[in-house]
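Everything below concerns the one structure shown next.
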Amino acid sequence: MRPGIRVARRQKGSHVEIRIGIANTGRELSFETNEPADAVKKAVATALDGGATHLTLADAKGNSYIVPTAGLAYIELGSEESRRVGFVA
């Protein structure tokens, strides 16, 4: 059994929305992460190409998600966007 791949680096200011579809499930896992989109793509590709049993991702609040790679149906990455603070006139 091979260990999973973990994304641990964080950057403040930008967020990426991740939606993960799980096979044989009607729901999807959706959360925002502080990880750059390229780092998430690389971690997913490394896990799938290397035959890892699971993929571990962290959200913007510090929660961890462990997803078995055998159950992945799809992974959708949103664009990186920085949080805006204030009001729009």
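Naming scheme: A, B, ... for chains in displayed order of the structure tokens; residues 1 onward per chain; ligands 1 onward as shown.
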Spatial neighbours of Glu80 of chain A, max dist 8 Å, only C-alpha atoms, sep filter under 2 positions, as a ChimeraX atom specification: /A:14-17,36-37,78,82
Selected residues written out with N, CA and C atoms, as an mmCIF file, in the first residue's frame:
data_model
loop_
_atom_site.group_PDB
_atom_site.id
_atom_site.type_symbol
_atom_site.label_atom_id
_atom_site.label_comp_id
_atom_site.auth_asym_id
_atom_site.auth_seq_id
_atom_site.Cartn_x
_atom_site.Cartn_y
_atom_site.Cartn_z
ATOM 1 N N SER A 14 -5.132 34.534 -1.576
ATOM 2 C CA SER A 14 -5.874 33.975 -2.698
ATOM 3 C C SER A 14 -6.516 32.655 -2.282
ATOM 4 N N HIS A 15 -7.664 32.371 -2.856
ATOM 5 C CA HIS A 15 -8.405 31.155 -2.552
ATOM 6 C C HIS A 15 -8.769 30.465 -3.853
ATOM 7 N N VAL A 16 -8.787 29.150 -3.813
ATOM 8 C CA VAL A 16 -9.199 28.339 -4.944
ATOM 9 C C VAL A 16 -10.326 27.436 -4.471
ATOM 10 N N GLU A 17 -11.425 27.416 -5.208
ATOM 11 C CA GLU A 17 -12.526 26.516 -4.874
ATOM 12 C C GLU A 17 -12.256 25.156 -5.508
ATOM 13 N N PRO A 36 -2.250 27.279 -4.109
ATOM 14 C CA PRO A 36 -2.342 27.698 -5.510
ATOM 15 C C PRO A 36 -2.910 26.556 -6.361
ATOM 16 N N ALA A 37 -3.640 26.893 -7.411
ATOM 17 C CA ALA A 37 -4.258 25.880 -8.265
ATOM 18 C C ALA A 37 -3.221 24.932 -8.849
ATOM 19 N N GLY A 78 -11.479 25.797 -9.298
ATOM 20 C CA GLY A 78 -11.861 27.138 -9.700
ATOM 21 C C GLY A 78 -10.623 27.985 -9.918
ATOM 22 N N SER A 82 -8.386 36.606 -5.189
ATOM 23 C CA SER A 82 -8.087 37.162 -3.872
ATOM 24 C C SER A 82 -9.370 37.690 -3.255
#
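For segment 10-84 of chain A, backbone-based DSSP labels the following residues as helix (DSSP H, G or I): A:Ala37, A:Asp38, A:Ala39, A:Val40, A:Lys41, A:Lys42, A:Ala43, A:Val44, A:Ala45, A:Thr46, A:Ala47, A:Leu48, A:Asp49, A:Gly50, A:Thr69, A:Ala70, A:Gly71.
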Would you export the selected residues with N, CA and C atoms as a short mmCIF file (atom, residue, chain, number, x, y, z; two decimals), in the first residue's frame, please?
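Wrote it out as part15.cif, contents follow:
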data_model
loop_
_atom_site.label_atom_id
_atom_site.label_comp_id
_atom_site.auth_asym_id
_atom_site.auth_seq_id
_atom_site.Cartn_x
_atom_site.Cartn_y
_atom_site.Cartn_z
N ALA A 37 -3.64 26.89 -7.41
CA ALA A 37 -4.26 25.88 -8.26
C ALA A 37 -3.22 24.93 -8.85
N ASP A 38 -2.05 25.45 -9.22
CA ASP A 38 -1.01 24.60 -9.79
C ASP A 38 -0.51 23.56 -8.79
N ALA A 39 -0.41 23.92 -7.51
CA ALA A 39 0.04 22.98 -6.48
C ALA A 39 -0.99 21.87 -6.29
N VAL A 40 -2.28 22.21 -6.35
CA VAL A 40 -3.33 21.21 -6.20
C VAL A 40 -3.32 20.27 -7.41
N LYS A 41 -3.20 20.83 -8.62
CA LYS A 41 -3.14 20.01 -9.83
C LYS A 41 -1.96 19.04 -9.77
N LYS A 42 -0.82 19.54 -9.34
CA LYS A 42 0.38 18.70 -9.26
C LYS A 42 0.20 17.58 -8.24
N ALA A 43 -0.39 17.89 -7.08
CA ALA A 43 -0.62 16.88 -6.05
C ALA A 43 -1.57 15.80 -6.53
N VAL A 44 -2.63 16.19 -7.23
CA VAL A 44 -3.60 15.23 -7.75
C VAL A 44 -2.95 14.35 -8.81
N ALA A 45 -2.21 14.96 -9.74
CA ALA A 45 -1.55 14.20 -10.80
C ALA A 45 -0.51 13.24 -10.22
N THR A 46 0.24 13.68 -9.23
CA THR A 46 1.24 12.83 -8.59
C THR A 46 0.58 11.64 -7.90
N ALA A 47 -0.52 11.89 -7.22
CA ALA A 47 -1.24 10.81 -6.53
C ALA A 47 -1.78 9.79 -7.52
N LEU A 48 -2.37 10.25 -8.60
CA LEU A 48 -2.94 9.33 -9.58
C LEU A 48 -1.87 8.59 -10.37
N ASP A 49 -0.83 9.30 -10.79
CA ASP A 49 0.25 8.67 -11.56
C ASP A 49 1.08 7.71 -10.71
N GLY A 50 1.25 8.04 -9.43
CA GLY A 50 2.07 7.23 -8.55
C GLY A 50 1.35 6.07 -7.90
N THR A 69 -8.21 7.69 -3.77
CA THR A 69 -8.05 7.94 -5.21
C THR A 69 -8.89 6.98 -6.05
N ALA A 70 -9.18 5.81 -5.54
CA ALA A 70 -9.99 4.84 -6.29
C ALA A 70 -11.42 5.35 -6.48
N GLY A 71 -11.88 6.22 -5.59
CA GLY A 71 -13.25 6.72 -5.66
C GLY A 71 -13.41 8.05 -6.37
#
Atomic distance atom CA of Leu57 of chain A - atom CA of Ala23 of chain A, expressed in Å with one decimal: 18.0 Å
Of the listed residues A:Val67, A:Phe31, A:Glu76, A:Ile22, that which approaches Thr53 of chain A most closely, counting only C-alpha atoms: A:Val67
Between atom CA of Tyr74 of chain A and atom CA of Thr56 of chain A, distance in Å (one decimal):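 Distance between the two atoms: 15.2 Å.
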Atomic distance atom CA of Asn24 of chain A - atom CA of Ala58 of chain A, expressed in Å with one decimal: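 Here the two named atoms are 23.4 Å from each other.
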Which of segment 11-81 of chain A fall in strand (DSSP E or B), as a ChimeraX atom specification: /A:14-22,28-33,54-58,64-68,72-77,81
Expected file contents, prior selection, C-alpha atoms, as an mmCIF file, in the first residue's frame:
data_model
loop_
_atom_site.group_PDB
_atom_site.id
_atom_site.type_symbol
_atom_site.label_atom_id
_atom_site.label_comp_id
_atom_site.auth_asym_id
_atom_site.auth_seq_id
_atom_site.Cartn_x
_atom_site.Cartn_y
_atom_site.Cartn_z
ATOM 1 C CA SER A 14 -5.874 33.975 -2.698
ATOM 2 C CA HIS A 15 -8.405 31.155 -2.552
ATOM 3 C CA VAL A 16 -9.199 28.339 -4.944
ATOM 4 C CA GLU A 17 -12.526 26.516 -4.874
ATOM 5 C CA ILE A 18 -12.194 22.731 -5.186
ATOM 6 C CA ARG A 19 -15.091 20.430 -6.066
ATOM 7 C CA ILE A 20 -14.485 16.691 -5.893
ATOM 8 C CA GLY A 21 -16.924 14.159 -7.283
ATOM 9 C CA ILE A 22 -16.898 10.765 -5.580
ATOM 10 C CA GLU A 28 -19.744 16.194 -4.131
ATOM 11 C CA LEU A 29 -17.122 17.536 -1.743
ATOM 12 C CA SER A 30 -16.730 21.302 -2.121
ATOM 13 C CA PHE A 31 -14.378 23.624 -0.224
ATOM 14 C CA GLU A 32 -11.960 26.531 -0.639
ATOM 15 C CA THR A 33 -8.230 26.212 -0.118
ATOM 16 C CA HIS A 54 -5.508 8.525 -1.042
ATOM 17 C CA LEU A 55 -5.131 12.269 -1.521
ATOM 18 C CA THR A 56 -5.092 14.700 1.402
ATOM 19 C CA LEU A 57 -6.130 18.327 0.904
ATOM 20 C CA ALA A 58 -6.585 21.151 3.408
ATOM 21 C CA SER A 64 -8.162 18.222 6.236
ATOM 22 C CA TYR A 65 -9.920 16.034 3.665
ATOM 23 C CA ILE A 66 -8.653 12.540 2.881
ATOM 24 C CA VAL A 67 -10.107 11.227 -0.365
ATOM 25 C CA PRO A 68 -9.440 7.694 -1.678
ATOM 26 C CA LEU A 72 -12.441 9.905 -7.586
ATOM 27 C CA ALA A 73 -14.933 10.657 -10.334
ATOM 28 C CA TYR A 74 -13.693 14.204 -11.091
ATOM 29 C CA ILE A 75 -11.892 17.160 -9.556
ATOM 30 C CA GLU A 76 -12.873 20.698 -10.540
ATOM 31 C CA LEU A 77 -10.576 23.583 -9.659
ATOM 32 C CA GLU A 81 -9.055 34.874 -6.691
#
